[in-house]
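Student: To be precise about what I am sending: the file is called model.tsv and holds TSV, C-alpha atoms.
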```
chain	number	residue	atom	x	y	z
A	28	MET	CA	0.00	0.00	0.00
A	29	GLY	CA	1.42	3.41	-0.96
A	30	ILE	CA	0.85	6.84	0.53
A	31	ILE	CA	-2.80	7.50	1.28
A	32	TYR	CA	-4.34	10.77	0.14
A	33	ASN	CA	-6.43	13.15	2.21
A	34	GLU	CA	-7.38	16.79	1.60
A	35	GLN	CA	-3.97	17.88	2.94
A	36	THR	CA	-2.11	15.78	0.35
A	37	GLU	CA	-0.66	16.77	-3.00
A	38	ILE	CA	1.85	15.28	-5.43
A	39	PHE	CA	4.76	17.67	-5.12
A	40	ASP	CA	7.35	16.07	-7.41
A	41	THR	CA	7.53	12.99	-9.62
A	42	THR	CA	11.23	12.90	-10.40
A	43	TRP	CA	12.76	11.83	-7.12
A	44	PRO	CA	14.97	8.75	-7.72
A	45	ILE	CA	14.39	5.94	-5.28
A	46	LYS	CA	17.01	3.28	-4.66
A	47	LYS	CA	16.90	0.47	-7.22
A	48	ASN	CA	18.81	-2.78	-7.57
A	49	ILE	CA	21.38	-2.03	-4.90
A	50	GLU	CA	23.38	-5.13	-4.14
A	51	TYR	CA	24.24	-5.72	-0.51
A	52	THR	CA	27.38	-7.59	0.37
A	53	THR	CA	27.00	-10.34	2.93
A	54	ASN	CA	29.11	-12.86	4.77
A	55	LYS	CA	26.19	-14.91	6.05
A	56	ASP	CA	25.82	-18.63	5.58
A	57	GLU	CA	23.24	-19.22	2.88
A	58	ASN	CA	22.68	-22.89	3.77
A	59	VAL	CA	19.52	-22.52	5.84
A	60	PHE	CA	17.67	-25.54	7.20
A	61	HIS	CA	14.31	-25.15	8.89
A	62	ILE	CA	13.00	-27.07	11.86
A	63	PRO	CA	11.54	-30.20	10.31
A	64	SER	CA	7.77	-30.30	10.04
A	65	PRO	CA	5.62	-33.44	9.93
A	66	PRO	CA	5.39	-34.72	6.33
A	67	PHE	CA	1.69	-34.01	5.97
A	68	ILE	CA	2.28	-30.38	7.06
A	69	ASN	CA	4.85	-30.04	4.29
A	70	GLU	CA	2.37	-31.48	1.79
A	71	ILE	CA	-0.33	-29.03	2.93
A	72	HIS	CA	2.15	-26.16	2.71
A	73	GLN	CA	3.05	-27.12	-0.86
A	74	PHE	CA	-0.62	-27.38	-1.76
A	75	ILE	CA	-1.32	-23.95	-0.22
A	76	ASP	CA	1.58	-22.39	-2.12
A	77	ALA	CA	0.35	-23.83	-5.41
A	78	VAL	CA	-3.25	-22.72	-4.93
A	79	THR	CA	-2.25	-19.28	-3.65
A	80	LYS	CA	-0.16	-18.67	-6.75
A	81	ALA	CA	-3.07	-19.74	-8.93
A	82	LYS	CA	-5.74	-17.92	-6.90
A	83	PRO	CA	-4.15	-14.99	-4.99
A	84	ALA	CA	-7.55	-13.90	-3.63
A	85	PHE	CA	-7.61	-17.01	-1.43
A	86	GLN	CA	-4.30	-16.21	0.25
A	87	HIS	CA	-5.90	-15.04	3.51
A	88	THR	CA	-7.94	-18.24	3.85
A	89	TYR	CA	-4.91	-20.46	3.42
A	90	ILE	CA	-2.79	-18.40	5.81
A	91	GLU	CA	-5.49	-18.94	8.42
A	92	ILE	CA	-5.65	-22.69	7.76
A	93	TYR	CA	-1.89	-23.08	7.92
A	94	GLY	CA	-1.54	-21.10	11.15
A	95	TYR	CA	-4.44	-22.94	12.77
A	96	LEU	CA	-2.92	-26.33	11.91
A	97	HIS	CA	0.34	-25.31	13.59
A	98	ARG	CA	-1.56	-24.27	16.70
A	99	LEU	CA	-3.50	-27.55	16.79
A	100	LEU	CA	-0.22	-29.45	16.60
A	101	GLY	CA	1.21	-27.39	19.45
A	102	ARG	CA	3.99	-25.98	17.28
A	103	ASN	CA	5.28	-22.65	18.55
A	104	PHE	CA	7.34	-21.90	15.43
A	105	LEU	CA	6.20	-20.92	11.98
A	106	GLU	CA	8.65	-20.69	9.12
A	107	ASP	CA	8.45	-17.34	7.31
A	108	ASN	CA	9.38	-16.59	3.72
A	109	SER	CA	11.66	-13.69	4.72
A	110	GLN	CA	15.38	-14.25	4.29
A	111	GLY	CA	16.45	-13.52	7.84
A	112	TYR	CA	13.60	-14.35	10.22
A	113	ASP	CA	11.03	-16.91	11.29
A	114	ILE	CA	8.14	-16.37	13.72
A	115	VAL	CA	7.83	-17.71	17.26
A	116	ARG	CA	4.88	-17.77	19.64
A	117	LEU	CA	6.27	-16.85	23.03
A	118	PRO	CA	5.21	-18.68	26.22
A	119	ASN	CA	2.84	-15.79	27.06
A	120	GLY	CA	1.08	-16.16	23.68
A	121	GLN	CA	2.62	-13.08	22.04
A	122	LEU	CA	4.19	-13.33	18.59
A	123	ASP	CA	7.71	-12.23	17.75
A	124	PHE	CA	10.33	-12.60	15.06
A	125	THR	CA	13.19	-14.97	15.76
A	126	SER	CA	16.36	-15.45	13.78
A	127	LYS	CA	16.20	-18.06	11.02
A	128	LEU	CA	15.90	-21.53	12.51
A	129	LYS	CA	18.73	-23.55	10.98
A	130	SER	CA	18.36	-26.91	12.67
A	131	PHE	CA	16.24	-28.43	15.41
A	132	TYR	CA	16.09	-25.97	18.34
A	133	THR	CA	19.02	-23.92	17.12
A	134	SER	CA	18.99	-20.45	15.65
A	135	ASP	CA	21.56	-18.05	14.32
A	136	ASN	CA	21.44	-14.50	15.56
A	137	SER	CA	23.19	-11.38	14.35
A	138	TYR	CA	24.58	-10.13	17.65
A	139	ASP	CA	27.99	-11.59	16.84
A	140	ASN	CA	28.20	-9.21	13.87
A	141	LEU	CA	27.67	-6.15	16.05
A	142	TYR	CA	31.32	-5.21	15.63
A	143	LEU	CA	30.49	-4.62	11.93
A	144	ALA	CA	28.04	-1.94	13.06
A	145	THR	CA	30.81	-0.29	15.08
A	146	LYS	CA	33.07	-0.20	12.02
A	147	GLN	CA	30.33	1.46	9.96
A	148	LEU	CA	29.56	3.99	12.71
A	149	LYS	CA	33.25	4.87	12.98
A	150	TYR	CA	33.28	5.55	9.24
A	151	PHE	CA	30.18	7.74	9.64
A	152	LYS	CA	31.81	9.67	12.50
A	153	GLU	CA	34.87	10.33	10.34
A	154	TYR	CA	32.64	11.63	7.55
A	155	ILE	CA	30.82	13.97	9.95
A	156	ASN	CA	34.11	15.26	11.35
A	157	ILE	CA	35.12	16.36	7.85
A	158	HIS	CA	31.84	17.49	6.27
A	159	SER	CA	29.75	18.71	9.23
A	160	PRO	CA	32.07	19.06	12.24
A	161	LYS	CA	29.56	20.94	14.43
A	162	THR	CA	27.04	18.08	14.22
A	163	GLU	CA	26.62	16.03	17.39
A	164	LEU	CA	26.02	12.28	17.09
A	165	TYR	CA	23.49	10.42	19.24
A	166	PHE	CA	22.65	6.72	19.38
A	167	ILE	CA	19.39	5.62	21.02
A	168	ILE	CA	19.07	1.87	21.55
A	169	ARG	CA	15.38	1.14	21.11
A	170	PRO	CA	13.85	-1.85	22.92
A	171	THR	CA	13.19	-5.32	21.55
A	172	LYS	CA	10.42	-7.63	22.68
A	173	ARG	CA	12.67	-10.48	23.78
A	174	TYR	CA	15.68	-9.89	25.98
A	175	GLY	CA	18.38	-12.44	26.74
A	176	GLU	CA	17.75	-16.14	26.18
A	177	LEU	CA	15.59	-17.45	23.35
A	178	PRO	CA	12.39	-19.29	24.34
A	179	TYR	CA	11.85	-23.06	24.40
A	180	SER	CA	15.55	-23.70	25.02
A	181	ILE	CA	16.47	-22.64	21.48
A	182	GLY	CA	20.24	-22.51	21.31
A	183	ASN	CA	22.42	-20.18	19.28
A	184	ASN	CA	24.79	-21.49	16.63
A	185	ILE	CA	26.98	-18.42	17.21
A	186	LYS	CA	28.97	-17.71	20.35
A	187	ASN	CA	28.98	-13.98	20.94
A	188	LYS	CA	32.35	-12.40	21.53
A	189	TYR	CA	31.45	-8.80	20.83
A	190	THR	CA	28.68	-7.86	23.26
A	191	SER	CA	26.26	-4.94	23.50
A	192	LYS	CA	28.45	-3.57	26.29
A	193	ASN	CA	31.48	-3.63	23.97
A	194	PHE	CA	29.37	-1.85	21.36
A	195	ILE	CA	28.29	0.90	23.77
A	196	ASP	CA	31.79	1.38	25.16
A	197	ASP	CA	33.29	1.65	21.68
A	198	LEU	CA	30.71	4.23	20.54
A	199	LYS	CA	31.27	6.33	23.63
A	200	ALA	CA	35.00	6.23	22.92
A	201	ILE	CA	34.43	7.92	19.55
A	202	ASN	CA	32.09	10.54	21.06
A	203	TYR	CA	28.64	9.17	20.32
A	204	HIS	CA	26.09	10.09	23.00
A	205	ILE	CA	24.36	6.84	24.06
A	206	LEU	CA	20.87	6.26	25.50
A	207	ASN	CA	19.81	2.66	26.13
A	208	LEU	CA	16.02	2.30	26.18
A	209	ASP	CA	16.28	-1.49	26.07
A	210	THR	CA	16.42	-1.72	29.86
A	211	ILE	CA	12.81	-2.60	30.66
A	212	THR	CA	12.90	-4.69	33.83
A	213	LYS	CA	9.21	-4.94	34.80
A	214	ASN	CA	6.22	-5.90	32.67
A	215	ARG	CA	8.42	-5.95	29.58
A	216	TYR	CA	5.88	-7.56	27.30
A	217	THR	CA	3.20	-4.95	28.06
A	218	ALA	CA	5.34	-2.47	26.12
A	219	PHE	CA	4.77	-4.43	22.89
A	220	TYR	CA	1.79	-5.48	20.82
A	221	ASN	CA	0.64	-9.07	21.14
A	222	THR	CA	0.41	-9.64	17.40
A	223	ASP	CA	3.28	-7.43	16.29
A	224	HIS	CA	6.97	-7.06	17.14
A	225	HIS	CA	6.69	-3.26	17.48
A	226	TRP	CA	6.34	-1.34	20.73
A	227	ARG	CA	2.92	0.10	21.48
A	228	VAL	CA	2.33	3.74	20.59
A	229	GLU	CA	1.46	4.39	24.24
A	230	TYR	CA	4.78	3.00	25.46
A	231	ALA	CA	6.82	4.76	22.77
A	232	PHE	CA	5.12	8.04	23.71
A	233	SER	CA	6.02	7.48	27.38
A	234	GLN	CA	9.70	7.42	26.42
A	235	LEU	CA	9.66	10.87	24.78
A	236	PRO	CA	10.50	12.81	27.99
A	237	ILE	CA	13.51	10.50	28.48
A	238	ILE	CA	14.59	11.02	24.87
A	239	CYS	CA	14.21	14.80	25.14
A	240	ASP	CA	16.23	14.96	28.36
A	241	PHE	CA	18.92	12.92	26.63
A	242	LEU	CA	18.95	15.32	23.67
A	243	GLY	CA	19.07	18.35	25.95
A	244	ILE	CA	15.68	19.80	24.96
A	245	GLU	CA	12.54	20.70	26.87
A	246	SER	CA	10.40	17.66	27.72
A	247	ASN	CA	7.46	19.17	29.64
A	248	ILE	CA	5.30	19.38	26.54
A	249	TYR	CA	4.94	15.56	26.49
A	250	SER	CA	2.44	15.37	29.35
A	251	SER	CA	-1.08	13.98	29.59
A	252	GLN	CA	-2.43	17.54	29.86
A	253	ASN	CA	-1.15	18.36	26.38
A	254	PHE	CA	-2.24	15.25	24.49
A	255	LYS	CA	-5.40	13.19	24.13
A	256	LEU	CA	-5.22	9.41	23.78
A	257	ILE	CA	-7.50	8.22	20.99
A	258	ASN	CA	-8.76	4.65	21.21
A	259	THR	CA	-9.76	3.51	17.73
A	260	ASN	CA	-11.73	0.60	19.26
A	261	ARG	CA	-10.49	-1.32	16.25
A	262	GLN	CA	-8.79	-4.70	16.47
A	263	PHE	CA	-5.22	-4.36	15.31
A	264	ASN	CA	-3.90	-7.31	13.34
A	265	GLY	CA	-0.17	-6.76	13.64
A	266	SER	CA	2.49	-7.56	11.08
A	267	LEU	CA	3.07	-11.03	12.55
A	268	THR	CA	-0.60	-12.01	12.65
A	269	ARG	CA	-0.84	-11.11	8.97
A	270	ARG	CA	1.89	-13.69	8.36
A	271	THR	CA	0.49	-16.44	10.59
A	272	GLY	CA	-3.27	-15.89	10.56
A	273	ILE	CA	-5.32	-14.79	13.56
A	274	SER	CA	-5.67	-18.37	14.85
A	275	PHE	CA	-1.97	-18.94	15.59
A	276	THR	CA	-2.37	-16.93	18.80
A	277	THR	CA	-5.54	-16.20	20.74
A	278	LEU	CA	-4.31	-12.76	21.84
A	279	LYS	CA	-5.62	-9.57	20.24
A	280	ASP	CA	-4.63	-5.91	20.08
A	281	THR	CA	-6.52	-2.62	20.00
A	282	PHE	CA	-4.80	0.35	18.40
A	283	LYS	CA	-4.48	3.72	20.16
A	284	TYR	CA	-2.65	6.94	19.29
A	285	TYR	CA	-2.27	10.52	20.58
A	286	ILE	CA	-3.28	13.90	19.20
A	287	PRO	CA	-1.97	17.22	20.58
A	288	LEU	CA	-4.36	19.57	22.38
A	289	PHE	CA	-2.44	22.65	21.23
A	290	ASN	CA	-2.01	24.33	17.85
A	291	THR	CA	0.39	22.72	15.40
A	292	SER	CA	1.36	23.62	11.85
A	293	ILE	CA	3.35	21.09	9.83
A	294	THR	CA	4.56	20.60	6.29
A	295	ALA	CA	5.69	17.02	5.62
A	296	ASP	CA	7.20	15.67	2.42
A	297	TYR	CA	7.08	11.88	2.00
A	298	TYR	CA	9.45	10.44	-0.60
A	299	SER	CA	7.99	7.28	-2.07
A	300	ASN	CA	7.56	5.47	-5.38
A	301	ASN	CA	9.38	8.01	-7.56
A	302	LYS	CA	7.40	10.96	-6.22
A	303	ILE	CA	7.17	13.32	-3.30
A	304	ILE	CA	3.86	13.54	-1.46
A	305	ARG	CA	3.39	16.79	0.47
A	306	ARG	CA	0.94	17.15	3.37
A	307	ARG	CA	0.18	20.46	5.08
A	308	GLY	CA	-1.86	21.17	8.18
A	309	ARG	CA	-2.09	20.19	11.82
A	310	LEU	CA	-0.01	17.31	13.12
A	311	GLU	CA	-2.99	14.94	13.02
A	312	GLN	CA	-3.60	15.89	9.37
A	313	THR	CA	-0.03	15.49	8.17
A	314	LEU	CA	1.94	13.02	10.30
A	315	LEU	CA	-0.96	10.82	11.44
A	316	PHE	CA	-2.50	8.82	8.61
A	317	THR	CA	-5.92	8.28	10.15
A	318	GLU	CA	-7.24	7.52	6.66
A	319	ASN	CA	-6.18	3.94	7.42
A	320	LEU	CA	-9.23	3.67	9.69
A	321	SER	CA	-11.47	3.75	6.62
A	322	PHE	CA	-10.18	0.36	5.47
A	323	ASN	CA	-11.82	-2.76	6.90
A	324	ASN	CA	-9.72	-5.43	5.18
A	325	TRP	CA	-8.26	-8.05	7.53
A	326	ASP	CA	-4.62	-7.10	6.89
A	327	ASN	CA	-5.06	-3.34	7.37
A	328	ASN	CA	-2.02	-2.28	9.35
A	329	LEU	CA	-3.19	0.39	11.79
A	330	TYR	CA	0.41	0.89	12.86
A	331	ARG	CA	0.66	2.86	9.61
A	332	ILE	CA	-1.43	5.61	11.21
A	333	CYS	CA	1.83	6.86	12.72
A	334	ASN	CA	3.94	8.43	9.98
A	335	GLN	CA	2.85	5.82	7.43
A	336	SER	CA	5.13	3.35	9.27
A	337	GLU	CA	8.06	3.02	6.82
A	338	ASN	CA	9.41	5.58	4.34
A	339	PRO	CA	12.74	6.01	2.55
A	340	LEU	CA	12.90	9.70	3.40
A	341	VAL	CA	10.61	12.15	5.21
A	342	ASN	CA	11.21	15.89	5.56
A	343	ILE	CA	9.17	17.56	8.33
A	344	ILE	CA	9.04	21.34	8.86
A	345	ASN	CA	7.45	22.65	12.07
A	346	HIS	CA	5.99	26.15	11.51
A	347	ASN	CA	4.91	26.62	15.12
A	348	THR	CA	8.08	26.42	17.22
A	349	ASP	CA	10.73	28.67	18.71
A	350	SER	CA	13.41	26.07	18.00
A	351	ASP	CA	15.83	26.62	15.15
A	352	GLN	CA	17.41	23.15	15.35
A	353	LYS	CA	17.69	20.86	12.34
A	354	ILE	CA	17.75	17.16	13.17
A	355	LEU	CA	18.44	14.05	11.10
A	356	LEU	CA	16.97	10.81	12.42
A	357	LEU	CA	18.14	7.43	11.07
A	358	ILE	CA	15.41	4.91	11.69
A	359	ASP	CA	13.59	1.65	11.15
A	360	SER	CA	9.86	0.98	11.53
A	361	PHE	CA	10.04	1.25	15.35
A	362	SER	CA	10.44	5.01	14.94
A	363	ALA	CA	6.94	5.43	13.45
A	364	PRO	CA	5.25	6.39	16.76
A	365	ILE	CA	8.20	8.60	17.79
A	366	ILE	CA	8.55	10.79	14.68
A	367	PRO	CA	5.18	12.64	14.70
A	368	TYR	CA	5.53	13.72	18.30
A	369	LEU	CA	9.27	14.39	18.37
A	370	SER	CA	8.84	16.72	15.38
A	371	ILE	CA	7.06	19.16	17.70
A	372	SER	CA	10.38	19.92	19.41
A	373	PHE	CA	12.39	20.95	16.34
A	374	LYS	CA	12.24	23.33	13.40
A	375	GLN	CA	13.22	20.60	10.93
A	376	LEU	CA	13.21	16.84	11.36
A	377	ASP	CA	14.45	14.70	8.47
A	378	CYS	CA	14.10	10.93	8.69
A	379	ILE	CA	15.92	8.30	6.63
A	380	ASP	CA	15.42	4.54	6.56
A	381	LEU	CA	18.56	3.07	4.99
A	382	ARG	CA	16.74	-0.15	4.16
A	383	SER	CA	15.01	1.69	1.31
A	384	CYS	CA	16.92	4.94	0.81
A	385	ASN	CA	20.06	5.35	-1.26
A	386	ILE	CA	23.13	6.07	0.86
A	387	LYS	CA	24.06	8.86	-1.56
A	388	ILE	CA	20.87	10.66	-0.50
A	389	LEU	CA	22.01	10.46	3.13
A	390	TYR	CA	25.36	12.11	2.52
A	391	THR	CA	23.89	14.68	0.13
A	392	ILE	CA	21.39	16.00	2.67
A	393	ILE	CA	24.04	15.99	5.41
A	394	ASP	CA	26.26	18.17	3.22
A	395	GLU	CA	23.34	20.47	2.41
A	396	ASN	CA	21.85	20.85	5.89
A	397	LYS	CA	24.76	20.66	8.36
A	398	TYR	CA	22.43	19.27	11.01
A	399	ASP	CA	22.69	20.21	14.68
A	400	LYS	CA	22.17	16.59	15.65
A	401	VAL	CA	22.18	13.23	13.88
A	402	ILE	CA	20.33	10.56	15.85
A	403	PHE	CA	20.32	6.82	15.29
A	404	LEU	CA	17.23	5.13	16.73
A	405	TYR	CA	18.32	1.53	16.25
A	406	PRO	CA	18.21	-1.88	17.99
A	407	SER	CA	21.17	-3.30	19.89
A	408	TYR	CA	21.84	-5.94	17.24
A	409	TYR	CA	23.36	-5.83	13.80
A	410	GLU	CA	21.12	-5.65	10.75
A	411	GLU	CA	23.12	-5.20	7.59
A	412	LYS	CA	20.74	-2.91	5.74
A	413	LEU	CA	20.59	-0.45	8.64
A	414	TYR	CA	24.37	-0.07	8.66
A	415	CYS	CA	25.18	0.54	5.01
A	416	LEU	CA	27.08	3.71	5.89
A	417	ASN	CA	30.31	3.10	3.98
A	418	GLU	CA	29.31	3.61	0.36
A	419	VAL	CA	32.76	2.73	-0.96
A	420	TYR	CA	32.87	-0.80	0.39
A	421	THR	CA	29.22	-1.70	0.77
A	422	PHE	CA	27.49	-1.02	-2.52
A	423	ASN	CA	27.58	-1.61	-6.23
A	424	TYR	CA	25.50	1.30	-7.46
A	425	PRO	CA	23.32	1.57	-10.54
A	426	ASN	CA	23.03	4.89	-12.28
A	427	LEU	CA	20.42	7.09	-10.68
```
How would this structure read if it were set down as structure tokens?

Tutor:
Amino acid sequence: MGIIYNEQTEIFDTTWPIKKNIEYTTNKDENVFHIPSPPFINEIHQFIDAVTKAKPAFQHTYIEIYGYLHRLLGRNFLEDNSQGYDIVRLPNGQLDFTSKLKSFYTSDNSYDNLYLATKQLKYFKEYINIHSPKTELYFIIRPTKRYGELPYSIGNNIKNKYTSKNFIDDLKAINYHILNLDTITKNRYTAFYNTDHHWRVEYAFSQLPIICDFLGIESNIYSSQNFKLINTNRQFNGSLTRRTGISFTTLKDTFKYYIPLFNTSITADYYSNNKIIRRRGRLEQTLLFTENLSFNNWDNNLYRICNQSENPLVNIINHNTDSDQKILLLIDSFSAPIIPYLSISFKQLDCIDLRSCNIKILYTIIDENKYDKVIFLYPSYYEEKLYCLNEVYTFNYPNL
């Protein structure tokens, strides 16, 4: 689904070049073996695949059947067609991604590659020192649903030598400011959706005062007196339920979001699908895509209400602020409920998701804007696409 249109939306430009055919280098083992399923499950899976290809309209029905069969068999794992992840049902019934299951009760994870992230961040720091030396660098470690050991006694094929502590210490040594939000000690799972791996909008919003204090900006605006919590009263089928069917877990979610109770004036440019979509108006008209509530299809992702969830590049101008700061935020989809509200605190907030935005765009806008702050809002594990910061050694580029 692309950008949704409301009365605040216009097509601003149709010539913006998105990233195409970029080849990522990798040193990962490509020989992946899934946890073995009973033979008749494999036969059903093959049948479902064949019928789904022939009749795409029946895909939802077969996803439901397949997920329900796994639940009946008591299987807590469901193989996913993504390259890096499978899905696990946690002991409390919540769904989460797990690293690709390579053999019975073993799983590779990417923590051991975290030193590669440090190398890329060192390169980025060197670039900033030369091209934008007044820019301060911040790294916010956003939370993950699971912390520590994998469930069901799943073991790791990789022995970690480079830990998160090593990662933090090394970044501090090269003058990154570090905030670790992945330190939830009580009621950890209440911070996340049952049917999705993302944190709830309510919990993400509760972290904004902490983030603002870390960034050295005023945080009092993010109080219950200044915002209203909107309960959509709509069942939220998260990204994992849409992969497993609603029968794989009995837990449900209801989606909620906040609107400000004070005047806001925003211009937001969303770069997507070879065009720029511009939205002007109040925060709830520009950065909150409430048009998603008009769709009743089973796989409607209400998480997209917040900043349309994932975008290669977003440029946000706040017309109602005394701040003159320009901020660049490097993100993944977890940032969706942070971006609309954090934009209130700055004059300009640009957001880049390196999984879908050309690295040349990143360095071009850094050179042009000379940001006051560049902020990474990333997990504490290595994901290759998030750390493609060294364009010389990472990419083979097509012509733009």

Student: Wanna dump the region 241-309 of chain A-region 337-359 of chain A contacts at 7 Å for me, each residue with its shortest atom pair and the distance in Å to one decimal, counting only C-alpha atoms, ordered by chain and number, as a Markdown table?

Tutor:
```
| residue | atom | partner | partner_atom | distance |
| --- | --- | --- | --- | --- |
| A:Thr291 | CA | A:Asn347 | CA | 6.0 |
| A:Ser292 | CA | A:His346 | CA | 5.3 |
| A:Ile293 | CA | A:Asn345 | CA | 4.9 |
| A:Thr294 | CA | A:Ile344 | CA | 5.2 |
| A:Ala295 | CA | A:Ile343 | CA | 4.4 |
| A:Asp296 | CA | A:Asn342 | CA | 5.1 |
| A:Tyr297 | CA | A:Val341 | CA | 4.8 |
| A:Tyr298 | CA | A:Leu340 | CA | 5.3 |
| A:Ser299 | CA | A:Pro339 | CA | 6.7 |
```

Student: Please, what distance in Å, to one decimal, runs between CA of Phe275 (chain A) and CA of Asp123 (chain A)?

Tutor: 12.0 Å

Student: Tell me which protein, DNA and RNA residues are within 7 Å of Asp113 (chain A), counting only C-alpha atoms, leaving out same-chain ones fewer than 6 positions away, and put them as a PyMOL selection string.

Tutor: chain A and resi 105-107+124-128

Student: Give me, as a Markdown table, the closest atom pair and its distance (Å, one decimal) for every residue of region 184-245 of chain A within a cut-off of 9 Å of region 258-269 of chain A, counting all atoms listed in the file, rows sorted by chain and rising number.

Tutor:
```
| residue | atom | partner | partner_atom | distance |
| --- | --- | --- | --- | --- |
| A:Tyr220 | CA | A:Gly265 | CA | 7.6 |
| A:Asn221 | CA | A:Gly265 | CA | 7.9 |
| A:Thr222 | CA | A:Gly265 | CA | 4.8 |
| A:Asp223 | CA | A:Gly265 | CA | 4.4 |
| A:His224 | CA | A:Leu267 | CA | 7.2 |
| A:His225 | CA | A:Gly265 | CA | 8.6 |
```

Student: Produce a table with one row for each residue of region 259-368 of chain A that has an atom at most 9 Å from any atom of region 90-99 of chain A, each row naming the nearest atom pair and its distance in Å at one decimal; use all atoms listed in the file; arrange rows by chain and rising residue number; format as JSON lines.

Tutor:
```
{"residue": "A:Arg269", "atom": "CA", "partner": "A:Ile90", "partner_atom": "CA", "distance": 8.2}
{"residue": "A:Arg270", "atom": "CA", "partner": "A:Ile90", "partner_atom": "CA", "distance": 7.1}
{"residue": "A:Thr271", "atom": "CA", "partner": "A:Gly94", "partner_atom": "CA", "distance": 5.1}
{"residue": "A:Gly272", "atom": "CA", "partner": "A:Glu91", "partner_atom": "CA", "distance": 4.3}
{"residue": "A:Ile273", "atom": "CA", "partner": "A:Glu91", "partner_atom": "CA", "distance": 6.6}
{"residue": "A:Ser274", "atom": "CA", "partner": "A:Tyr95", "partner_atom": "CA", "distance": 5.2}
{"residue": "A:Phe275", "atom": "CA", "partner": "A:Gly94", "partner_atom": "CA", "distance": 5.0}
{"residue": "A:Thr276", "atom": "CA", "partner": "A:Arg98", "partner_atom": "CA", "distance": 7.7}
```

Student: Identify which of the residues A:Ile402, A:Leu413, A:Leu329, A:Leu141 lies closest to Arg382 (chain A), counting all atoms listed in the file when measuring atom-to-atom distances.

Tutor: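 Once distances to Arg382 (chain A) are computed over all atoms listed in the file, the minimum belongs to A:Leu413.
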
Student: Grab the CA of Ile195 (chain A) to CA of Val401 (chain A) distance for me, in Å with one decimal place.

Tutor: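 Pair CA of Ile195 (chain A) / CA of Val401 (chain A) returns 16.9 Å.
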
Student: Since the input is missing atoms for region 150-160 of chain A, could you rebuild it with N, CA, C and O atoms and give the result as a PDB file, in the coordinates of the input?

Tutor:
```pdb
ATOM      1  N   TYR A 150      33.166   4.916  10.557  1.00  0.00           N
ATOM      2  CA  TYR A 150      33.280   5.550   9.240  1.00  0.00           C
ATOM      3  C   TYR A 150      32.367   6.777   9.172  1.00  0.00           C
ATOM      4  O   TYR A 150      32.772   7.842   8.682  1.00  0.00           O
ATOM      5  N   PHE A 151      31.128   6.630   9.663  1.00  0.00           N
ATOM      6  CA  PHE A 151      30.180   7.740   9.640  1.00  0.00           C
ATOM      7  C   PHE A 151      30.685   8.915  10.472  1.00  0.00           C
ATOM      8  O   PHE A 151      30.573  10.072  10.068  1.00  0.00           O
ATOM      9  N   LYS A 152      31.253   8.622  11.645  1.00  0.00           N
ATOM     10  CA  LYS A 152      31.810   9.670  12.500  1.00  0.00           C
ATOM     11  C   LYS A 152      32.929  10.414  11.782  1.00  0.00           C
ATOM     12  O   LYS A 152      33.009  11.652  11.843  1.00  0.00           O
ATOM     13  N   GLU A 153      33.777   9.699  11.088  1.00  0.00           N
ATOM     14  CA  GLU A 153      34.870  10.330  10.340  1.00  0.00           C
ATOM     15  C   GLU A 153      34.317  11.249   9.246  1.00  0.00           C
ATOM     16  O   GLU A 153      34.850  12.339   9.005  1.00  0.00           O
ATOM     17  N   TYR A 154      33.260  10.803   8.584  1.00  0.00           N
ATOM     18  CA  TYR A 154      32.640  11.630   7.550  1.00  0.00           C
ATOM     19  C   TYR A 154      32.080  12.915   8.160  1.00  0.00           C
ATOM     20  O   TYR A 154      32.270  14.024   7.608  1.00  0.00           O
ATOM     21  N   ILE A 155      31.384  12.803   9.280  1.00  0.00           N
ATOM     22  CA  ILE A 155      30.820  13.970   9.950  1.00  0.00           C
ATOM     23  C   ILE A 155      31.915  14.931  10.380  1.00  0.00           C
ATOM     24  O   ILE A 155      31.785  16.159  10.249  1.00  0.00           O
ATOM     25  N   ASN A 156      33.005  14.406  10.903  1.00  0.00           N
ATOM     26  CA  ASN A 156      34.110  15.260  11.350  1.00  0.00           C
ATOM     27  C   ASN A 156      34.628  16.151  10.219  1.00  0.00           C
ATOM     28  O   ASN A 156      35.029  17.291  10.438  1.00  0.00           O
ATOM     29  N   ILE A 157      34.600  15.618   8.996  1.00  0.00           N
ATOM     30  CA  ILE A 157      35.120  16.360   7.850  1.00  0.00           C
ATOM     31  C   ILE A 157      34.073  17.282   7.247  1.00  0.00           C
ATOM     32  O   ILE A 157      34.340  18.457   6.962  1.00  0.00           O
ATOM     33  N   HIS A 158      32.843  16.776   7.057  1.00  0.00           N
ATOM     34  CA  HIS A 158      31.840  17.490   6.270  1.00  0.00           C
ATOM     35  C   HIS A 158      30.844  18.296   7.107  1.00  0.00           C
ATOM     36  O   HIS A 158      30.210  19.215   6.574  1.00  0.00           O
ATOM     37  N   SER A 159      30.690  17.970   8.374  1.00  0.00           N
ATOM     38  CA  SER A 159      29.750  18.710   9.230  1.00  0.00           C
ATOM     39  C   SER A 159      30.243  18.640  10.675  1.00  0.00           C
ATOM     40  O   SER A 159      29.603  18.059  11.544  1.00  0.00           O
ATOM     41  N   PRO A 160      31.387  19.260  10.959  1.00  0.00           N
ATOM     42  CA  PRO A 160      32.070  19.060  12.240  1.00  0.00           C
ATOM     43  C   PRO A 160      31.299  19.560  13.462  1.00  0.00           C
ATOM     44  O   PRO A 160      31.596  19.134  14.585  1.00  0.00           O
TER      45      PRO A 160
END
```
